[in-house]
Amino acid sequence: MTDAIEDTGTVPGRGQYTEAARARRLDWLRGRTGLDLDQLARTRLKAPTLVGNIENFVGSVEVPVGLAGPLLFTGDAARGSIVAPLATSEGALVASATRGARALSASGGVTTQVLAQRMTRAPAFEFADIAAARRFTGWLYEQRERLEEQVRLVSRHTRLVRIDPYQIGRHLHVRFGFETADAAGQNMTTAATWQICRWLTDTLAGEDRLRPRRMLLEGNLSGDKKVAHGAIMEGRGTRVTAECRLPRDVVAAVLKTTPEAMVSSHLTTVMGAQQAGMTGYGVNAANVVAALFVATGQDVACVHESGVSVFALEQDGDDLIASIVLPSLVVGTVGGGTALPQQRELLTALGCAGAGGAGRFAEIVAGFALALDVSTMAAVVSGQFAEAHQRLGRARRVDFLQAGDLNPGLLQPVLAQGLRDPRLHVTRVRQGPQLHGDGISSELGAYAERRKLTGLHPLTVTMTPGGGTPATIDLVAKVKPRGEDIIAGVAKVVSLCGPEVAQAWDRWGTDTEFTAAHRRELAVYRRQEQPLTDLLPRCYGLLEDDEREAYVILMERLHHDDKPWTRPRITTVLRAIARVHGHWLGREDDLLAAGWLHRVAEPGHLAKSRELWEALVRHAASEDPGPPLDAAQADTLLGIIDEADHWTRELDALPRTLIHHDLNPRNIAVQDGRVTAYDWELATVGLPQRDVVELLAFTLPPDARAADVDALIAAHARAVAEVSAEAAALVAGGDWRRGYRLALREFLMTRLALYAAGHTQREFGFLPRLVRTAFRLWELEGLRSE
């Protein structure tokens, strides 16, 4: 048991760098706040190693580190392809810097150069009168060699390179400039300046006509940790510049704009900066400066002065020339926080740790600052920066569901209703870690609205049924984002794909398959038709609370067997989903009249929204490097879209049914012969072959054989026909294979195009294989028709 700590108003253990002292401080803080502080107590840092870095050490905080780049450098010290670790919690910063890096790299790289390096300290002296201050100034100039000797007494790495006196009446400020090698130099120059001032005091002790009355080690003229015009003009820290020449085609393909638009908008923003009285001119270089400072152990307080920049754009023929200068970048690769373990590791990864690394590090900061400014300016120019339509406004305050709300009080009425046991009593809910891979839809919803809980959350629930004995069950709480949140999340992603895609999404995105997705899945779990309930995970209860925007499914915790997708395994899944298809085949009017699907596209919608699908395909084929669609594949998709007016009429005329509409291995569990399909938020009315197409595209190899495809399509058709005489008649009376070909067209035009465009901003590991297999299925249909 820890002894009680008396609150004396003073942090305990002052000056002590031990784990015991840290524990005492934690207990003291717990007593003052009433909090357990368990998270703060966890740290990898060891107190004895932090002498000189921190006082009253109590814990540490984690900042996420993302990798931006790679960016090709052709600088003096920074050369080759470099990836930058950015420590930040600001979404889209890493993505934007990476896009800028891609543009600069595709243009031949960024040229960087350190122009100067010096650190300043400016002591202030008060004299008896103006004449004395003037005499001292003349005398000081004559002491240059002796001042340099004093500096060498303090540090062999520091060199006095400049003395600049500034007299104001009887007051004299002297700005000493030092070169400090690979250290940022604030402490080093403070020590050197203090040594100079001591020498001056001793030397002039008997010189009444020269001796100052009073002295301050820093008179605030150096601009330390403050934005100052003097630092911009004369330099403080490292003065470093970066430049790149971007060809028109790169500006168009990567930045989604033109050189003319960039230069014109740049001129407008420069005028705005002048009106605002901005020091320097930049877009957001401070973002890169701060993120790299935190990641590598720089003095974060210096971000204020280090983030000042002058960013310029000009047009030279068809090329856009972008440049930036950081006049007062205070960085070092030895000393201070650069010795901390994680920060040292990242500095080493950059090739900058230790002596000789400061110049390279400064060039890396400048190169990535230029990349970010170019990307951000392009986003402003092309409208990608605007997010008003992506952040959903609400006219009222919403008490969003949080992780702590998954407790007995919330779950008891939900489970009591779901299990039809009004006397059920929940005694305990234990939460496990949130499951990874909780779905692209949930991820998109969280991207748009981060304030509320979404995703898959495993729970172990202990409850007592009415009149029964206590039991413990493992559940998963699937907490769904609203369809509106998903649409807004997609809008944020496509805004990075350029104005053509963003504008097309603005026109058509609100009428996509994601509309009302949260209500749709809950409605599926309320259905009682056995073909559907046999395929669903067991549902223990549903929560639908519009006031809190809380939509929760309490479902069994499923386990995948992770076996390969062989033809018999695929057949098993197709036969399982076929029972749902056969049950509603030809009864689409009944489905639509019931209203529980909430949203089904009207006939002809695909053809009407062709602008969106064309924009997605063109973007996916033009992205560099490594577009997810090659030119031939893009031409095929554009051809399918171009003919949509014709083939979608035929598609809408064929018998339709309830389809899962997202039937791929991510949403299927197969265990002991039981097939379970979940994630029904995209369920709709469509051709039953649509689910077949998606499953085959995700599970068959890219060199799929025609015989395997034929057999699987036939197995599905037979299973549908076995459901009822009505289903059998519809299967026999139509061209089932023609329906498969139409469903394949729809899948290629919509889902594959959306995946491909999204892949340019968020890597989908499954996409390369999916593209190859999907086009193999298309190729086989072409061969079949010959």
# chains A, B, ... in the order shown; residues from 1 in each chain; ligands from 1
>>> select_by_dssp(residues="segment 310-499 of chain A", states="strand (DSSP E or B)", output="ChimeraX atom specification")
/A:310-316,319-329,425-431,455-464,471-479
>>> select_by_dssp(residues="segment 486-531 of chain A", states="alpha helix (DSSP H)", output="count of residues only")
31
>>> closest_residue(among="A:Gln761, A:Ala77, A:Arg423, A:Pro341", to="Val490 of chain A", atoms="only C-alpha atoms")
A:Gln761
>>> closest_residue(among="A:Pro628, A:Gly595, A:Pro603, A:Pro655", to="Ala753 of chain A", atoms="only C-alpha atoms")
A:Pro628
>>> atom_distance(atom1="atom CA of Glu694 of chain A", atom2="atom CA of Tyr540 of chain A")
29.0 Å
>>> decode(residues="segment 630-743 of chain A", atoms="C-alpha atoms", output="mmCIF file, in the first residue's frame")
data_model
loop_
_atom_site.group_PDB
_atom_site.id
_atom_site.type_symbol
_atom_site.label_atom_id
_atom_site.label_comp_id
_atom_site.auth_asym_id
_atom_site.auth_seq_id
_atom_site.Cartn_x
_atom_site.Cartn_y
_atom_site.Cartn_z
ATOM 1 C CA ASP A 630 -4.286 0.242 -66.595
ATOM 2 C CA ALA A 631 -5.284 1.980 -69.810
ATOM 3 C CA ALA A 632 -6.916 -1.101 -71.342
ATOM 4 C CA GLN A 633 -8.939 -1.833 -68.211
ATOM 5 C CA ALA A 634 -10.065 1.781 -67.992
ATOM 6 C CA ASP A 635 -11.151 1.720 -71.649
ATOM 7 C CA THR A 636 -13.176 -1.430 -70.974
ATOM 8 C CA LEU A 637 -14.955 0.163 -68.019
ATOM 9 C CA LEU A 638 -15.604 3.400 -69.880
ATOM 10 C CA GLY A 639 -17.092 1.349 -72.706
ATOM 11 C CA ILE A 640 -19.414 -0.438 -70.278
ATOM 12 C CA ILE A 641 -20.460 2.903 -68.779
ATOM 13 C CA ASP A 642 -20.972 4.425 -72.222
ATOM 14 C CA GLU A 643 -23.452 1.657 -73.085
ATOM 15 C CA ALA A 644 -25.270 1.815 -69.736
ATOM 16 C CA ASP A 645 -28.391 3.375 -71.270
ATOM 17 C CA HIS A 646 -28.967 0.120 -73.165
ATOM 18 C CA TRP A 647 -27.918 -2.756 -70.920
ATOM 19 C CA THR A 648 -29.357 -1.300 -67.679
ATOM 20 C CA ARG A 649 -32.846 -1.430 -69.247
ATOM 21 C CA GLU A 650 -32.407 -5.147 -69.810
ATOM 22 C CA LEU A 651 -31.029 -5.573 -66.284
ATOM 23 C CA ASP A 652 -34.043 -3.816 -64.742
ATOM 24 C CA ALA A 653 -36.424 -6.041 -66.716
ATOM 25 C CA LEU A 654 -35.074 -9.336 -65.326
ATOM 26 C CA PRO A 655 -36.475 -11.000 -62.164
ATOM 27 C CA ARG A 656 -34.891 -9.469 -59.053
ATOM 28 C CA THR A 657 -34.670 -10.464 -55.423
ATOM 29 C CA LEU A 658 -33.129 -9.544 -52.087
ATOM 30 C CA ILE A 659 -29.355 -9.488 -52.463
ATOM 31 C CA HIS A 660 -26.585 -9.026 -49.917
ATOM 32 C CA HIS A 661 -24.765 -6.659 -52.309
ATOM 33 C CA ASP A 662 -21.435 -6.964 -50.460
ATOM 34 C CA LEU A 663 -20.892 -10.732 -50.508
ATOM 35 C CA ASN A 664 -17.153 -11.177 -50.162
ATOM 36 C CA PRO A 665 -14.871 -13.041 -47.733
ATOM 37 C CA ARG A 666 -14.700 -10.066 -45.355
ATOM 38 C CA ASN A 667 -18.400 -10.533 -44.629
ATOM 39 C CA ILE A 668 -18.647 -14.335 -44.597
ATOM 40 C CA ALA A 669 -17.834 -16.862 -41.890
ATOM 41 C CA VAL A 670 -17.722 -20.583 -42.675
ATOM 42 C CA GLN A 671 -17.320 -22.925 -39.733
ATOM 43 C CA ASP A 672 -18.211 -26.614 -39.416
ATOM 44 C CA GLY A 673 -20.268 -26.425 -42.570
ATOM 45 C CA ARG A 674 -22.330 -23.464 -41.338
ATOM 46 C CA VAL A 675 -22.304 -20.385 -43.572
ATOM 47 C CA THR A 676 -22.948 -17.007 -41.934
ATOM 48 C CA ALA A 677 -23.172 -13.737 -43.823
ATOM 49 C CA TYR A 678 -23.075 -10.432 -41.975
ATOM 50 C CA ASP A 679 -22.679 -6.707 -42.825
ATOM 51 C CA TRP A 680 -26.017 -6.361 -44.622
ATOM 52 C CA GLU A 681 -25.995 -2.548 -44.682
ATOM 53 C CA LEU A 682 -25.897 -2.479 -48.499
ATOM 54 C CA ALA A 683 -28.692 -5.030 -48.975
ATOM 55 C CA THR A 684 -31.042 -4.100 -51.780
ATOM 56 C CA VAL A 685 -33.192 -5.434 -54.597
ATOM 57 C CA GLY A 686 -31.150 -6.667 -57.529
ATOM 58 C CA LEU A 687 -30.238 -9.573 -59.769
ATOM 59 C CA PRO A 688 -29.351 -12.658 -57.712
ATOM 60 C CA GLN A 689 -26.326 -13.103 -59.964
ATOM 61 C CA ARG A 690 -24.885 -9.895 -58.509
ATOM 62 C CA ASP A 691 -23.905 -11.697 -55.299
ATOM 63 C CA VAL A 692 -22.406 -14.495 -57.412
ATOM 64 C CA VAL A 693 -20.256 -12.032 -59.360
ATOM 65 C CA GLU A 694 -18.853 -10.425 -56.227
ATOM 66 C CA LEU A 695 -18.078 -13.695 -54.500
ATOM 67 C CA LEU A 696 -16.316 -15.109 -57.563
ATOM 68 C CA ALA A 697 -14.349 -11.890 -58.139
ATOM 69 C CA PHE A 698 -13.020 -12.024 -54.569
ATOM 70 C CA THR A 699 -12.381 -15.762 -54.274
ATOM 71 C CA LEU A 700 -11.340 -17.136 -57.673
ATOM 72 C CA PRO A 701 -7.718 -16.795 -58.804
ATOM 73 C CA PRO A 702 -6.777 -14.296 -61.543
ATOM 74 C CA ASP A 703 -6.298 -17.231 -63.945
ATOM 75 C CA ALA A 704 -9.736 -18.714 -63.222
ATOM 76 C CA ARG A 705 -10.822 -21.458 -65.588
ATOM 77 C CA ALA A 706 -13.996 -21.214 -67.632
ATOM 78 C CA ALA A 707 -15.091 -24.653 -66.436
ATOM 79 C CA ASP A 708 -14.956 -23.579 -62.768
ATOM 80 C CA VAL A 709 -16.916 -20.396 -63.447
ATOM 81 C CA ASP A 710 -19.554 -22.316 -65.423
ATOM 82 C CA ALA A 711 -19.913 -24.909 -62.678
ATOM 83 C CA LEU A 712 -20.294 -22.352 -59.908
ATOM 84 C CA ILE A 713 -22.896 -20.310 -61.800
ATOM 85 C CA ALA A 714 -24.828 -23.472 -62.551
ATOM 86 C CA ALA A 715 -24.651 -24.649 -58.918
ATOM 87 C CA HIS A 716 -26.099 -21.337 -57.764
ATOM 88 C CA ALA A 717 -28.897 -21.497 -60.362
ATOM 89 C CA ARG A 718 -29.829 -25.035 -59.274
ATOM 90 C CA ALA A 719 -29.901 -24.008 -55.610
ATOM 91 C CA VAL A 720 -32.182 -21.057 -56.390
ATOM 92 C CA ALA A 721 -34.510 -23.304 -58.378
ATOM 93 C CA GLU A 722 -34.736 -25.794 -55.497
ATOM 94 C CA VAL A 723 -36.320 -23.213 -53.199
ATOM 95 C CA SER A 724 -39.779 -23.219 -54.797
ATOM 96 C CA ALA A 725 -41.692 -24.009 -57.957
ATOM 97 C CA GLU A 726 -42.007 -20.292 -58.651
ATOM 98 C CA ALA A 727 -38.259 -19.806 -58.391
ATOM 99 C CA ALA A 728 -37.626 -22.856 -60.567
ATOM 100 C CA ALA A 729 -39.917 -21.486 -63.272
ATOM 101 C CA LEU A 730 -38.104 -18.123 -63.268
ATOM 102 C CA VAL A 731 -34.689 -19.779 -63.458
ATOM 103 C CA ALA A 732 -35.785 -22.090 -66.295
ATOM 104 C CA GLY A 733 -37.701 -19.424 -68.162
ATOM 105 C CA GLY A 734 -34.912 -16.893 -68.500
ATOM 106 C CA ASP A 735 -31.340 -16.645 -69.712
ATOM 107 C CA TRP A 736 -29.576 -17.125 -66.363
ATOM 108 C CA ARG A 737 -26.140 -16.639 -67.878
ATOM 109 C CA ARG A 738 -27.245 -13.389 -69.494
ATOM 110 C CA GLY A 739 -28.268 -12.165 -66.056
ATOM 111 C CA TYR A 740 -24.801 -13.050 -64.774
ATOM 112 C CA ARG A 741 -23.182 -11.010 -67.567
ATOM 113 C CA LEU A 742 -25.369 -7.995 -66.794
ATOM 114 C CA ALA A 743 -24.575 -8.285 -63.086
#
